[in-house]
$ cat start33.cif   # mmCIF, C-alpha atoms, pLDDT in the B column; chains and numbers go by the auth columns
data_data
loop_
_atom_site.group_PDB
_atom_site.id
_atom_site.type_symbol
_atom_site.label_atom_id
_atom_site.label_comp_id
_atom_site.label_asym_id
_atom_site.label_seq_id
_atom_site.Cartn_x
_atom_site.Cartn_y
_atom_site.Cartn_z
_atom_site.B_iso_or_equiv
_atom_site.auth_seq_id
_atom_site.auth_asym_id
ATOM 1 C CA MET A 1 23.185 163.473 71.604 45.00 1 A
ATOM 2 C CA PHE A 2 22.962 161.526 68.346 45.00 2 A
ATOM 3 C CA GLU A 3 20.192 162.292 65.911 52.00 3 A
ATOM 4 C CA LYS A 4 18.407 159.342 64.317 63.00 4 A
ATOM 5 C CA SER A 5 18.785 159.070 60.561 70.00 5 A
ATOM 6 C CA PRO A 6 15.622 159.876 58.673 82.00 6 A
ATOM 7 C CA VAL A 7 13.424 157.159 57.278 94.00 7 A
ATOM 8 C CA THR A 8 13.945 156.485 53.572 96.00 8 A
ATOM 9 C CA ILE A 9 10.896 155.946 51.393 97.00 9 A
ATOM 10 C CA TYR A 10 11.103 154.681 47.821 97.00 10 A
ATOM 11 C CA THR A 11 8.175 156.019 45.816 97.00 11 A
ATOM 12 C CA HIS A 12 6.729 156.320 42.334 94.00 12 A
ATOM 13 C CA PRO A 13 4.596 159.298 41.244 93.00 13 A
ATOM 14 C CA ASP A 14 1.707 157.071 40.096 93.00 14 A
ATOM 15 C CA CYS A 15 1.505 155.287 43.459 94.00 15 A
ATOM 16 C CA HIS A 16 -1.288 156.701 45.633 94.00 16 A
ATOM 17 C CA VAL A 17 -0.207 154.489 48.532 94.00 17 A
ATOM 18 C CA SER A 18 3.204 156.194 48.498 95.00 18 A
ATOM 19 C CA GLN A 19 1.463 159.556 48.915 95.00 19 A
ATOM 20 C CA THR A 20 -0.567 158.215 51.836 94.00 20 A
ATOM 21 C CA ALA A 21 2.587 156.927 53.540 95.00 21 A
ATOM 22 C CA LYS A 22 4.372 160.275 53.088 95.00 22 A
ATOM 23 C CA THR A 23 1.351 162.158 54.427 95.00 23 A
ATOM 24 C CA GLU A 24 1.197 159.971 57.532 93.00 24 A
ATOM 25 C CA LEU A 25 4.951 160.219 58.163 93.00 25 A
ATOM 26 C CA ALA A 26 4.774 164.021 57.910 93.00 26 A
ATOM 27 C CA ARG A 27 1.671 164.158 60.113 94.00 27 A
ATOM 28 C CA ASP A 28 3.491 162.140 62.767 91.00 28 A
ATOM 29 C CA GLY A 29 6.534 164.430 62.608 92.00 29 A
ATOM 30 C CA ILE A 30 8.779 161.707 61.152 92.00 30 A
ATOM 31 C CA SER A 31 11.431 163.101 58.849 93.00 31 A
ATOM 32 C CA TYR A 32 12.063 161.099 55.726 95.00 32 A
ATOM 33 C CA LYS A 33 14.184 161.059 52.614 96.00 33 A
ATOM 34 C CA GLU A 34 12.160 160.351 49.480 96.00 34 A
ATOM 35 C CA ILE A 35 13.674 158.474 46.564 97.00 35 A
ATOM 36 C CA ASP A 36 11.471 158.625 43.462 97.00 36 A
ATOM 37 C CA ILE A 37 12.397 155.505 41.490 96.00 37 A
ATOM 38 C CA SER A 38 11.200 157.123 38.248 95.00 38 A
ATOM 39 C CA VAL A 39 13.788 159.897 38.578 96.00 39 A
ATOM 40 C CA VAL A 40 16.764 158.718 40.641 96.00 40 A
ATOM 41 C CA LYS A 41 19.236 156.704 38.582 96.00 41 A
ATOM 42 C CA GLY A 42 19.798 153.243 40.046 96.00 42 A
ATOM 43 C CA ALA A 43 16.949 153.542 42.551 96.00 43 A
ATOM 44 C CA PHE A 44 14.821 150.878 40.867 95.00 44 A
ATOM 45 C CA ARG A 45 17.634 148.330 41.146 96.00 45 A
ATOM 46 C CA GLU A 46 18.149 149.283 44.797 96.00 46 A
ATOM 47 C CA LEU A 47 14.422 148.813 45.442 95.00 47 A
ATOM 48 C CA GLU A 48 14.567 145.347 43.862 95.00 48 A
ATOM 49 C CA ARG A 49 17.588 144.490 46.017 95.00 49 A
ATOM 50 C CA LEU A 50 15.803 145.593 49.187 94.00 50 A
ATOM 51 C CA THR A 51 12.650 143.634 48.314 94.00 51 A
ATOM 52 C CA ASP A 52 14.237 140.468 46.919 94.00 52 A
ATOM 53 C CA GLY A 53 12.961 141.348 43.460 94.00 53 A
ATOM 54 C CA GLN A 54 9.507 142.680 44.286 92.00 54 A
ATOM 55 C CA ARG A 55 8.467 145.663 42.190 90.00 55 A
ATOM 56 C CA ILE A 56 6.215 147.575 44.522 93.00 56 A
ATOM 57 C CA THR A 57 6.136 151.003 46.124 95.00 57 A
ATOM 58 C CA PRO A 58 6.338 152.319 48.650 96.00 58 A
ATOM 59 C CA VAL A 59 9.282 150.639 50.281 96.00 59 A
ATOM 60 C CA ILE A 60 10.091 152.183 53.645 95.00 60 A
ATOM 61 C CA VAL A 61 13.506 151.721 55.225 95.00 61 A
ATOM 62 C CA ASP A 62 13.806 152.608 58.914 92.00 62 A
ATOM 63 C CA GLY A 63 17.196 151.526 60.181 90.00 63 A
ATOM 64 C CA ASP A 64 17.340 147.752 59.698 89.00 64 A
ATOM 65 C CA THR A 65 13.570 147.467 59.156 91.00 65 A
ATOM 66 C CA ILE A 66 12.293 147.282 55.579 93.00 66 A
ATOM 67 C CA THR A 67 8.552 147.581 54.977 94.00 67 A
ATOM 68 C CA ILE A 68 7.291 146.613 51.535 93.00 68 A
ATOM 69 C CA GLY A 69 4.028 148.339 50.685 92.00 69 A
ATOM 70 C CA TYR A 70 1.987 150.320 53.164 89.00 70 A
ATOM 71 C CA GLY A 71 -1.321 149.557 54.789 80.00 71 A
ATOM 72 C CA GLY A 72 -1.625 152.653 56.928 67.00 72 A
ATOM 73 C CA LYS A 73 -1.429 152.781 60.670 61.00 73 A
ATOM 74 C CA GLY A 74 -3.435 150.111 62.398 48.00 74 A
#

$ encode --input "start33.cif" --output "structure tokens"
Amino acid sequence: MFEKSPVTIYTHPDCHVSQTAKTELARDGISYKEIDISVVKGAFRELERLTDGQRITPVIVDGDTITIGYGGKG
């Protein structure tokens, strides 16, 4: 059986919305890889590429789905 790759979440330490997203992912048992754009070299440019130039966190990548920002679970 193949295991699904974890979700990737681009974050920044000053972003409270990023913390909320990580908390909800963990609560729901969803594994994720965090990339802190303030620490990981090249991550900011990758975030801009994924968002067509938007400078916002979090950015959540789940397979082919890219979510810019986070509004919580509806």

$ residues_around --input "start33.cif" --residues "A:Ser5" --least-positions-apart "6" --cutoff "12 Å" --atoms "all atoms listed in the file" --output "list in words"
Ile30, Ser31, Tyr32, Lys33, Val61, Asp62, Gly63 and Asp64 of chain A

$ resolve_selection --input "start33.cif" --expression "the PyMOL selection byres ((chain A and resi 11) around 12)" --output "JSON, numbers by chain"
{"A": [8, 9, 10, 12, 13, 14, 15, 16, 17, 18, 19, 20, 21, 22, 32, 33, 34, 35, 36, 37, 38, 39, 40, 43, 44, 47, 55, 56, 57, 58, 59, 60, 61, 68, 69, 70]}

$ write_last_selection --input "start33.cif" --atoms "C-alpha atoms" --output "compact mmCIF listing (two decimals), in the coordinates of the input"
# COMPACT_ATOMS: atom_id res chain seq x y z
CA THR A 8 13.94 156.49 53.57
CA ILE A 9 10.90 155.95 51.39
CA TYR A 10 11.10 154.68 47.82
CA HIS A 12 6.73 156.32 42.33
CA PRO A 13 4.60 159.30 41.24
CA ASP A 14 1.71 157.07 40.10
CA CYS A 15 1.50 155.29 43.46
CA HIS A 16 -1.29 156.70 45.63
CA VAL A 17 -0.21 154.49 48.53
CA SER A 18 3.20 156.19 48.50
CA GLN A 19 1.46 159.56 48.92
CA THR A 20 -0.57 158.22 51.84
CA ALA A 21 2.59 156.93 53.54
CA LYS A 22 4.37 160.28 53.09
CA TYR A 32 12.06 161.10 55.73
CA LYS A 33 14.18 161.06 52.61
CA GLU A 34 12.16 160.35 49.48
CA ILE A 35 13.67 158.47 46.56
CA ASP A 36 11.47 158.62 43.46
CA ILE A 37 12.40 155.50 41.49
CA SER A 38 11.20 157.12 38.25
CA VAL A 39 13.79 159.90 38.58
CA VAL A 40 16.76 158.72 40.64
CA ALA A 43 16.95 153.54 42.55
CA PHE A 44 14.82 150.88 40.87
CA LEU A 47 14.42 148.81 45.44
CA ARG A 55 8.47 145.66 42.19
CA ILE A 56 6.22 147.57 44.52
CA THR A 57 6.14 151.00 46.12
CA PRO A 58 6.34 152.32 48.65
CA VAL A 59 9.28 150.64 50.28
CA ILE A 60 10.09 152.18 53.64
CA VAL A 61 13.51 151.72 55.22
CA ILE A 68 7.29 146.61 51.54
CA GLY A 69 4.03 148.34 50.68
CA TYR A 70 1.99 150.32 53.16

$ atom_distance --input "start33.cif" --atom1 "atom CA of A:Thr23" --atom2 "atom CA of A:Thr67"
16.3 Å

$ atom_distance --input "start33.cif" --atom1 "atom CA of A:Val7" --atom2 "atom CA of A:Ile66"
10.1 Å

$ atom_distance --input "start33.cif" --atom1 "atom CA of A:Asp52" --atom2 "atom CA of A:Ala26"
27.7 Å

$ axis_aligned_box --input "start33.cif" --around "stretch 48-54 of chain A" --padding-each-side "6 Å" --output "JSON"
{"center_x": 13.5, "center_y": 143.0, "center_z": 46.3, "size_x": 20.1, "size_y": 17.1, "size_z": 17.7}

$ decode --input "start33.cif" --residues "stretch 49-61 of chain A" --atoms "all heavy atoms" --output "compact mmCIF listing (two decimals), in the first residue's frame"
# COMPACT_ATOMS: atom_id res chain seq x y z
N ARG A 49 6.68 31.61 -6.18
CA ARG A 49 6.40 30.83 -7.39
C ARG A 49 5.06 30.12 -7.28
O ARG A 49 4.24 30.14 -8.20
CB ARG A 49 7.51 29.81 -7.64
CG ARG A 49 7.35 29.06 -8.97
CD ARG A 49 8.33 27.91 -9.09
NE ARG A 49 8.07 26.84 -8.15
CZ ARG A 49 7.09 25.94 -8.27
NH1 ARG A 49 6.23 26.00 -9.26
NH2 ARG A 49 6.94 24.98 -7.37
N LEU A 50 4.80 29.53 -6.13
CA LEU A 50 3.55 28.79 -5.91
C LEU A 50 2.32 29.70 -5.93
O LEU A 50 1.23 29.27 -6.28
CB LEU A 50 3.61 28.05 -4.58
CG LEU A 50 4.56 26.87 -4.49
CD1 LEU A 50 4.73 26.43 -3.04
CD2 LEU A 50 4.08 25.73 -5.35
N THR A 51 2.52 30.96 -5.52
CA THR A 51 1.39 31.88 -5.35
C THR A 51 1.31 32.95 -6.45
O THR A 51 0.56 33.91 -6.30
CB THR A 51 1.47 32.59 -3.99
OG1 THR A 51 2.67 33.40 -3.97
CG2 THR A 51 1.49 31.61 -2.84
N ASP A 52 2.08 32.77 -7.50
CA ASP A 52 2.14 33.77 -8.57
C ASP A 52 2.49 35.15 -8.02
O ASP A 52 1.90 36.16 -8.39
CB ASP A 52 0.82 33.84 -9.35
CG ASP A 52 0.60 32.60 -10.20
OD1 ASP A 52 1.60 32.03 -10.71
OD2 ASP A 52 -0.56 32.18 -10.35
N GLY A 53 3.45 35.17 -7.10
CA GLY A 53 3.98 36.43 -6.58
C GLY A 53 3.36 36.95 -5.31
O GLY A 53 3.82 37.95 -4.76
N GLN A 54 2.33 36.29 -4.80
CA GLN A 54 1.72 36.74 -3.55
C GLN A 54 2.67 36.46 -2.39
O GLN A 54 3.32 35.43 -2.34
CB GLN A 54 0.38 36.05 -3.30
CG GLN A 54 -0.68 36.46 -4.29
CD GLN A 54 -2.02 35.90 -3.91
OE1 GLN A 54 -2.48 36.07 -2.79
NE2 GLN A 54 -2.66 35.23 -4.85
N ARG A 55 2.71 37.36 -1.45
CA ARG A 55 3.60 37.23 -0.29
C ARG A 55 2.74 37.08 0.96
O ARG A 55 2.53 38.03 1.71
CB ARG A 55 4.50 38.44 -0.18
CG ARG A 55 5.42 38.57 -1.37
CD ARG A 55 6.24 39.80 -1.30
NE ARG A 55 7.20 39.82 -2.40
CZ ARG A 55 8.18 40.67 -2.50
NH1 ARG A 55 8.34 41.59 -1.58
NH2 ARG A 55 9.00 40.60 -3.52
N ILE A 56 2.24 35.87 1.13
CA ILE A 56 1.32 35.60 2.23
C ILE A 56 1.61 34.21 2.78
O ILE A 56 2.03 33.32 2.05
CB ILE A 56 -0.15 35.71 1.75
CG1 ILE A 56 -1.12 35.57 2.91
CG2 ILE A 56 -0.45 34.72 0.66
CD1 ILE A 56 -2.57 35.89 2.55
N THR A 57 1.44 34.05 4.07
CA THR A 57 1.49 32.73 4.69
C THR A 57 0.21 32.57 5.49
O THR A 57 -0.40 33.56 5.89
CB THR A 57 2.72 32.58 5.62
OG1 THR A 57 2.73 33.63 6.58
CG2 THR A 57 4.02 32.55 4.84
N PRO A 58 -0.19 31.35 5.70
CA PRO A 58 0.43 30.13 5.20
C PRO A 58 0.06 29.85 3.75
O PRO A 58 -0.94 30.35 3.24
CB PRO A 58 -0.16 29.05 6.10
CG PRO A 58 -1.54 29.55 6.43
CD PRO A 58 -1.38 31.06 6.54
N VAL A 59 0.88 29.04 3.14
CA VAL A 59 0.57 28.44 1.85
C VAL A 59 0.63 26.94 2.09
O VAL A 59 1.63 26.42 2.58
CB VAL A 59 1.56 28.87 0.75
CG1 VAL A 59 1.33 28.08 -0.52
CG2 VAL A 59 1.43 30.36 0.48
N ILE A 60 -0.46 26.27 1.77
CA ILE A 60 -0.58 24.84 2.04
C ILE A 60 -0.63 24.10 0.71
O ILE A 60 -1.46 24.40 -0.15
CB ILE A 60 -1.85 24.54 2.88
CG1 ILE A 60 -1.79 25.33 4.19
CG2 ILE A 60 -1.99 23.04 3.12
CD1 ILE A 60 -3.08 25.33 4.98
N VAL A 61 0.29 23.14 0.55
CA VAL A 61 0.36 22.35 -0.66
C VAL A 61 -0.02 20.92 -0.31
O VAL A 61 0.63 20.27 0.51
CB VAL A 61 1.78 22.39 -1.28
CG1 VAL A 61 1.83 21.57 -2.55
CG2 VAL A 61 2.21 23.83 -1.54
